[in-house]
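> Have a look at this one.
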Amino acid sequence: MTDPMIEVKELTRDFSVRRKSAGRLGSRRTALRAIDHLSFTLATGDAVGYIGANGAGKSTTIKIITGILVPTAGVVRTCGLDPLRQRRELARRIGVVFGQRSQLWWDLPLAESFDILSAVHRLDRSTARRRTAELVDRLEMGETLQTPVRQLSLGQRMRAEVAAALLHSPELVILDEPTIGLDVLSKLRLREFLIAERAERGTTLLLTTHDMGDIQRLCDRVLVVDHGKLAYDGSLPGLARTVGARRVLVVDLAEAAPDLVGLPGAQHLLSEGGGLRQRLAFDPETTTAAALLAQVSMRATVRDLSIEEPAIEEVVRRIYESTR
Amino acid sequence: MSRTRRRFDPYLAVISSRIRAQRSYPVSFRLDMLGALAVGVTEFAEVWVIFAKVGVLGGLNFHAILLVFGLSNLAFSSADMVAGHLDRIPEYIRQGTLDVFYLRPQSVLAQLMTSDFELRRVARIAFSGVILSFGFALGGIHWNVRVVALVVLTYACGVAIFAGIFVCAGSLQFFLINGAELTNSFTYGGSYAASQPASLFPNPLKLFFGYLAPVVFTGYLPTLAILRLPGPAGLPSWLAWCSPLAAAWVWILASGLWRLGIRHYQGGGG
């Protein structure tokens, strides 16, 4: 059994916030709990989506895992290291992208940022050249290499940030909102790259995002944090189940039929074309798509069908609401 | 040798990139140089105006004050090049640059110092060097081992003293909001005090600039030692040889304050 890649035990972090006290000069300090007894583990090779509303404590967790912030209480081990005491050693083994802040040199051509970072991580010349070429090729950055960073588009810059964080081939990659503001094509490219990179190197991935497409494509496990507490830890379909999100069966019938009401475990939502297409919501916990289809077939002839999965944004919203 | 070289490779890569970046905008670079030079010239003009009137001030004549000004400014402008931007720490915090430094396998302070290496400050270093050479030439000072040793020691320790003061001032930035004005009065004020004959200072100031923020070690004391002058009460000229102690003291203070500042950033308000 190998050591976990990230181990967070009973992590608590308070921020002291200055509030102007009414009527008097000066201010009072009040403690604001950003993280509240949070515990989770990431095994080597995991790909985990870390989601939560703004201010739920995602970025604070990441800053503590990477050794930027000190926890108020609790224990954190990253790559088996103490992120505070062994920050430099840890920095060699992790790659981090903060979507909102850049680690590139804005006034130099992109290629030079890669050269400097190779020196920062003390890669030997041939390794640096090989790895840079590989990343440039996979992230399709060949044409932008000589462009000053400040002139890159958001999509180009974000790919460059990811390349910069992966240059030293870290075993743990932490991405904080890597797809924020990207167009559909840029998102797709970035996701494809991350999938390939992980498949090849077995990199462990921790990802915060508001984009459920990222989670669906990249992660096999989801952590939901809410008000600094862990609200869910498990698979994405499981997340849908816990909040009772329903799937929808859409059937196209051979002939118009009356509304399909009263089927066990299902609710009729809508009929279109005078009853030619009908939408039935069902709870995967109480019935299956096949059973429901059998029920429908007893009343009408089904010509075609499709199943709609619950929208993940909806699922997460429900979690936030239920814990509020 | 290759191990020590590799140790500094990351910093050298960053510094050389900074130099390349500044040289890729030649017009703005030259204007910056000119601006930096103008600051040095103005400060020197002030000294000149005073000495044109009085001739001797605080026991020093014009030639001697050229040495004080040259030595202290040489050290200050060199320190300014590597550490002068530490007063912009609040900006680094806002932009998240400081967080990025935490994610690299080097010391955060050393990264901060090398991240914004300003080549334009070379102009002021060169100007200080010119003033210093005039001081030596006009004063008719004979070069011997003692003088060379004093100058080298003074320069090395002077840079360390001023850099340490910059680090102290930078550390305070973690606690202050828009505190650059306040801390600049320590750094630039310290440089100004260093270019004056300390014999003029009232006793509390002598104590402050002699022993607490020991900038008299960067210009005034070594000048006395070079000219074999005795020095005022409380600041005998042989102290000039003790500048490594002064530098060590400043750095003890600086590393303590820096640690406090960092702890505040990591632990207090983020």
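Letters A, B, ... go to the chains of the structure tokens in the order shown; residues in each chain start at 1; ligands are counted from 1 in the same order.
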Hey, which bits of chain A sit within 8 Å of chain B, and for each residue what's the closest pair of atoms and how far apart in Å (one decimal), counting only C-alpha atoms, rows by chain and increasing number, as JSON lines?


```
{"residue": "A:Phe15", "atom": "CA", "partner": "B:Gly269", "partner_atom": "CA", "distance": 5.7}
{"residue": "A:Ser16", "atom": "CA", "partner": "B:Gly269", "partner_atom": "CA", "distance": 6.0}
{"residue": "A:Val17", "atom": "CA", "partner": "B:Gly269", "partner_atom": "CA", "distance": 7.0}
{"residue": "A:Thr66", "atom": "CA", "partner": "B:Leu103", "partner_atom": "CA", "distance": 7.2}
{"residue": "A:Gly67", "atom": "CA", "partner": "B:Tyr102", "partner_atom": "CA", "distance": 7.3}
{"residue": "A:Ile68", "atom": "CA", "partner": "B:Tyr102", "partner_atom": "CA", "distance": 6.1}
{"residue": "A:Leu69", "atom": "CA", "partner": "B:Gln266", "partner_atom": "CA", "distance": 4.4}
{"residue": "A:Val70", "atom": "CA", "partner": "B:Gly267", "partner_atom": "CA", "distance": 5.3}
{"residue": "A:Pro71", "atom": "CA", "partner": "B:Gly267", "partner_atom": "CA", "distance": 7.5}
{"residue": "A:Thr72", "atom": "CA", "partner": "B:Gly267", "partner_atom": "CA", "distance": 7.7}
{"residue": "A:Arg87", "atom": "CA", "partner": "B:Pro105", "partner_atom": "CA", "distance": 7.3}
{"residue": "A:Arg88", "atom": "CA", "partner": "B:Pro105", "partner_atom": "CA", "distance": 4.1}
{"residue": "A:Glu89", "atom": "CA", "partner": "B:Pro105", "partner_atom": "CA", "distance": 6.5}
{"residue": "A:Leu90", "atom": "CA", "partner": "B:Pro105", "partner_atom": "CA", "distance": 7.7}
{"residue": "A:Ala91", "atom": "CA", "partner": "B:Pro105", "partner_atom": "CA", "distance": 5.1}
{"residue": "A:Arg92", "atom": "CA", "partner": "B:Pro105", "partner_atom": "CA", "distance": 6.1}
{"residue": "A:Gly95", "atom": "CA", "partner": "B:Leu103", "partner_atom": "CA", "distance": 7.9}
{"residue": "A:Val96", "atom": "CA", "partner": "B:Leu103", "partner_atom": "CA", "distance": 7.4}
{"residue": "A:Arg101", "atom": "CA", "partner": "B:Gly96", "partner_atom": "CA", "distance": 5.9}
{"residue": "A:Ser102", "atom": "CA", "partner": "B:Thr97", "partner_atom": "CA", "distance": 7.6}
{"residue": "A:Gln103", "atom": "CA", "partner": "B:Val100", "partner_atom": "CA", "distance": 6.1}
{"residue": "A:Asp107", "atom": "CA", "partner": "B:Ala21", "partner_atom": "CA", "distance": 6.3}
{"residue": "A:Leu108", "atom": "CA", "partner": "B:Ala21", "partner_atom": "CA", "distance": 6.2}
{"residue": "A:Glu112", "atom": "CA", "partner": "B:Ser17", "partner_atom": "CA", "distance": 7.8}
{"residue": "A:Ile116", "atom": "CA", "partner": "B:Ala13", "partner_atom": "CA", "distance": 5.5}
{"residue": "A:Leu117", "atom": "CA", "partner": "B:Pro10", "partner_atom": "CA", "distance": 7.9}
{"residue": "A:Ala119", "atom": "CA", "partner": "B:Pro10", "partner_atom": "CA", "distance": 4.9}
{"residue": "A:Val120", "atom": "CA", "partner": "B:Pro10", "partner_atom": "CA", "distance": 4.3}
{"residue": "A:His121", "atom": "CA", "partner": "B:Pro105", "partner_atom": "CA", "distance": 7.0}
{"residue": "A:Arg122", "atom": "CA", "partner": "B:Pro10", "partner_atom": "CA", "distance": 7.1}
```

> List the neighbours of segment 202-206 of chain A out to 10 Å using only C-alpha atoms; skip same-chain residues closer than 3 positions along the sequence, and give me the result as a ChimeraX atom specification.

/A:5-6,42-50,62,94-96,169-176,194-199,218-219,221-223

> Restrict the selected residues to N, CA and C atoms and save them as a short mmCIF file (atom, residue, chain, number, x, y, z; two decimals), in the first residue's frame.


```
data_model
loop_
_atom_site.label_atom_id
_atom_site.label_comp_id
_atom_site.auth_asym_id
_atom_site.auth_seq_id
_atom_site.Cartn_x
_atom_site.Cartn_y
_atom_site.Cartn_z
N MET A 5 -1.34 10.49 -1.81
CA MET A 5 -0.71 11.66 -2.41
C MET A 5 -1.03 12.92 -1.61
N ILE A 6 -2.29 13.01 -1.21
CA ILE A 6 -2.68 14.13 -0.34
C ILE A 6 -3.46 13.57 0.84
N LEU A 42 -6.32 11.67 -1.07
CA LEU A 42 -6.19 11.38 -2.50
C LEU A 42 -5.12 10.32 -2.66
N ALA A 43 -5.48 9.20 -3.31
CA ALA A 43 -4.48 8.17 -3.56
C ALA A 43 -3.69 8.53 -4.81
N THR A 44 -2.52 7.94 -4.96
CA THR A 44 -1.70 8.17 -6.14
C THR A 44 -2.48 7.75 -7.38
N GLY A 45 -2.54 8.62 -8.37
CA GLY A 45 -3.23 8.31 -9.61
C GLY A 45 -4.69 8.74 -9.64
N ASP A 46 -5.19 9.22 -8.53
CA ASP A 46 -6.58 9.71 -8.49
C ASP A 46 -6.75 10.93 -9.39
N ALA A 47 -7.98 11.10 -9.87
CA ALA A 47 -8.32 12.36 -10.55
C ALA A 47 -9.58 12.87 -9.88
N VAL A 48 -9.43 13.93 -9.14
CA VAL A 48 -10.51 14.37 -8.27
C VAL A 48 -10.95 15.79 -8.60
N GLY A 49 -12.25 15.97 -8.72
CA GLY A 49 -12.81 17.30 -8.90
C GLY A 49 -13.18 17.86 -7.55
N TYR A 50 -12.74 19.08 -7.30
CA TYR A 50 -12.99 19.70 -6.00
C TYR A 50 -13.91 20.87 -6.27
N ILE A 62 -6.39 24.63 -1.22
CA ILE A 62 -5.26 24.43 -2.13
C ILE A 62 -4.02 25.16 -1.64
N ILE A 94 5.27 19.02 -7.28
CA ILE A 94 3.90 19.37 -7.67
C ILE A 94 3.91 20.46 -8.75
N GLY A 95 2.84 20.49 -9.52
CA GLY A 95 2.65 21.54 -10.51
C GLY A 95 1.31 22.19 -10.24
N VAL A 96 1.28 23.49 -10.15
CA VAL A 96 0.05 24.17 -9.78
C VAL A 96 -0.28 25.26 -10.80
N SER A 169 7.54 17.77 -14.95
CA SER A 169 6.88 16.47 -14.83
C SER A 169 6.49 16.14 -13.39
N PRO A 170 5.65 16.98 -12.77
CA PRO A 170 5.29 16.74 -11.37
C PRO A 170 4.39 15.52 -11.23
N GLU A 171 4.46 14.88 -10.05
CA GLU A 171 3.61 13.69 -9.84
C GLU A 171 2.20 14.09 -9.40
N LEU A 172 2.07 15.32 -8.88
CA LEU A 172 0.75 15.82 -8.47
C LEU A 172 0.50 17.13 -9.20
N VAL A 173 -0.65 17.21 -9.88
CA VAL A 173 -0.99 18.44 -10.59
C VAL A 173 -2.26 19.02 -9.96
N ILE A 174 -2.19 20.28 -9.57
CA ILE A 174 -3.34 20.95 -8.97
C ILE A 174 -3.73 22.11 -9.88
N LEU A 175 -4.96 22.07 -10.36
CA LEU A 175 -5.43 23.11 -11.27
C LEU A 175 -6.60 23.84 -10.63
N ASP A 176 -6.44 25.13 -10.42
CA ASP A 176 -7.49 25.93 -9.82
C ASP A 176 -8.20 26.69 -10.94
N LEU A 194 -4.95 16.92 -20.91
CA LEU A 194 -4.82 16.44 -19.53
C LEU A 194 -5.13 14.95 -19.44
N ILE A 195 -6.12 14.49 -20.23
CA ILE A 195 -6.45 13.07 -20.23
C ILE A 195 -5.26 12.26 -20.73
N ALA A 196 -4.65 12.72 -21.83
CA ALA A 196 -3.52 12.00 -22.41
C ALA A 196 -2.34 11.99 -21.44
N GLU A 197 -2.07 13.13 -20.85
CA GLU A 197 -0.94 13.27 -19.93
C GLU A 197 -1.10 12.31 -18.74
N ARG A 198 -2.33 12.23 -18.25
CA ARG A 198 -2.58 11.38 -17.11
C ARG A 198 -2.47 9.90 -17.46
N ALA A 199 -3.01 9.57 -18.64
CA ALA A 199 -2.96 8.18 -19.09
C ALA A 199 -1.51 7.73 -19.22
N LEU A 218 -12.81 14.65 -16.91
CA LEU A 218 -11.47 14.47 -16.34
C LEU A 218 -11.43 13.68 -15.04
N CYS A 219 -12.52 13.68 -14.28
CA CYS A 219 -12.40 13.19 -12.91
C CYS A 219 -13.19 11.91 -12.69
N ARG A 221 -13.70 11.10 -9.42
CA ARG A 221 -14.21 11.28 -8.06
C ARG A 221 -14.47 12.76 -7.83
N VAL A 222 -15.47 13.04 -7.02
CA VAL A 222 -15.85 14.43 -6.76
C VAL A 222 -15.86 14.69 -5.25
N LEU A 223 -15.27 15.81 -4.87
CA LEU A 223 -15.42 16.30 -3.50
C LEU A 223 -16.21 17.59 -3.57
#
```

> Identify all residues of segment 52-167 of chain B in strand (DSSP E) (DSSP on the backbone) and supply them as a ChimeraX atom specification.

/B:56-57,60-61

> Looking at only C-alpha atoms, which of A:Arg277, A:Arg18, A:Arg150, A:His37 is the one that sits closest to Ala231 of chain A?

A:His37

> Expressed in Å to a single decimal, how great is the separation between atom CA of Pro26 of chain B and atom CA of Met81 of chain B?

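So the two atoms, atom CA of Pro26 of chain B and atom CA of Met81 of chain B, lie 18.6 Å apart.
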
> Between atom CA of Asn203 of chain B and atom CA of Trp258 of chain B, what is the distance in Å, rounded to a tenth?

29.3 Å

> Which residues are near segment 162-170 of chain B? Cut-off 6 Å, only C-alpha atoms, ignore same chain within fewer than 2 positions. Put them as a CSV table (one decimal) with N, CA and C atoms, in the first residue's frame.


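Now in result-v3.csv:
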```csv
chain,number,residue,atom,x,y,z
B,76,PHE,N,24.4,52.3,-1.6
B,76,PHE,CA,22.9,52.4,-1.6
B,76,PHE,C,22.3,52.1,-3.0
B,79,ALA,N,22.5,48.4,-3.6
B,79,ALA,CA,21.5,47.6,-2.8
B,79,ALA,C,20.1,47.9,-3.4
B,83,ALA,N,17.2,45.2,-4.1
B,83,ALA,CA,16.2,45.1,-3.1
B,83,ALA,C,15.2,46.3,-3.0
B,86,LEU,N,11.4,45.9,-2.9
B,86,LEU,CA,10.7,45.2,-1.8
B,86,LEU,C,9.5,46.0,-1.2
B,87,ASP,N,9.5,47.3,-1.5
B,87,ASP,CA,8.4,48.1,-0.9
B,87,ASP,C,7.1,47.9,-1.8
B,159,VAL,N,26.6,47.6,0.9
B,159,VAL,CA,25.5,47.0,0.2
B,159,VAL,C,24.7,46.1,1.1
B,160,ALA,N,25.4,45.4,1.9
B,160,ALA,CA,24.6,44.5,2.8
B,160,ALA,C,23.8,45.3,3.8
B,172,LEU,N,7.9,45.1,6.8
B,172,LEU,CA,6.8,45.9,7.4
B,172,LEU,C,5.6,46.0,6.5
B,173,GLN,N,5.9,45.9,5.2
B,173,GLN,CA,4.8,46.0,4.2
B,173,GLN,C,3.7,45.0,4.4
B,183,THR,N,7.9,53.5,5.0
B,183,THR,CA,9.1,52.7,5.0
B,183,THR,C,10.1,53.4,4.1
B,250,VAL,N,22.3,44.3,11.1
B,250,VAL,CA,21.2,44.7,10.2
B,250,VAL,C,20.5,43.4,9.7
B,251,TRP,N,21.3,42.4,9.4
B,251,TRP,CA,20.7,41.2,8.8
B,251,TRP,C,20.0,40.4,9.9
B,254,ALA,N,16.8,42.1,10.0
B,254,ALA,CA,16.1,41.9,8.8
B,254,ALA,C,15.5,40.5,8.7
```

> I'd like the contact shell of Gly58 of chain B - 7 Å cut-off, only C-alpha atoms, skipping same-chain residues fewer than 4 positions apart - returned as a ChimeraX atom specification.

/B:197,199-200

> Write a file of the just-selected residues containing N, CA and C atoms, as a PDB file, in the first residue's frame.


```pdb
ATOM      1  N   PRO B 197      27.841  64.395   6.885  1.00  0.00           N
ATOM      2  CA  PRO B 197      28.800  64.210   7.976  1.00  0.00           C
ATOM      3  C   PRO B 197      28.062  63.990   9.291  1.00  0.00           C
ATOM      4  N   SER B 199      28.944  63.949  12.205  1.00  0.00           N
ATOM      5  CA  SER B 199      29.332  64.789  13.338  1.00  0.00           C
ATOM      6  C   SER B 199      28.335  65.924  13.560  1.00  0.00           C
ATOM      7  N   LEU B 200      27.554  66.218  12.512  1.00  0.00           N
ATOM      8  CA  LEU B 200      26.555  67.289  12.636  1.00  0.00           C
ATOM      9  C   LEU B 200      25.316  66.842  13.388  1.00  0.00           C
TER      10      LEU B 200
END
```

> Pick out each residue of segment 228-267 of chain B that DSSP on the backbone tags as alpha helix (DSSP H); I need them as a VMD selection string.

chain B and resid 243 to 267
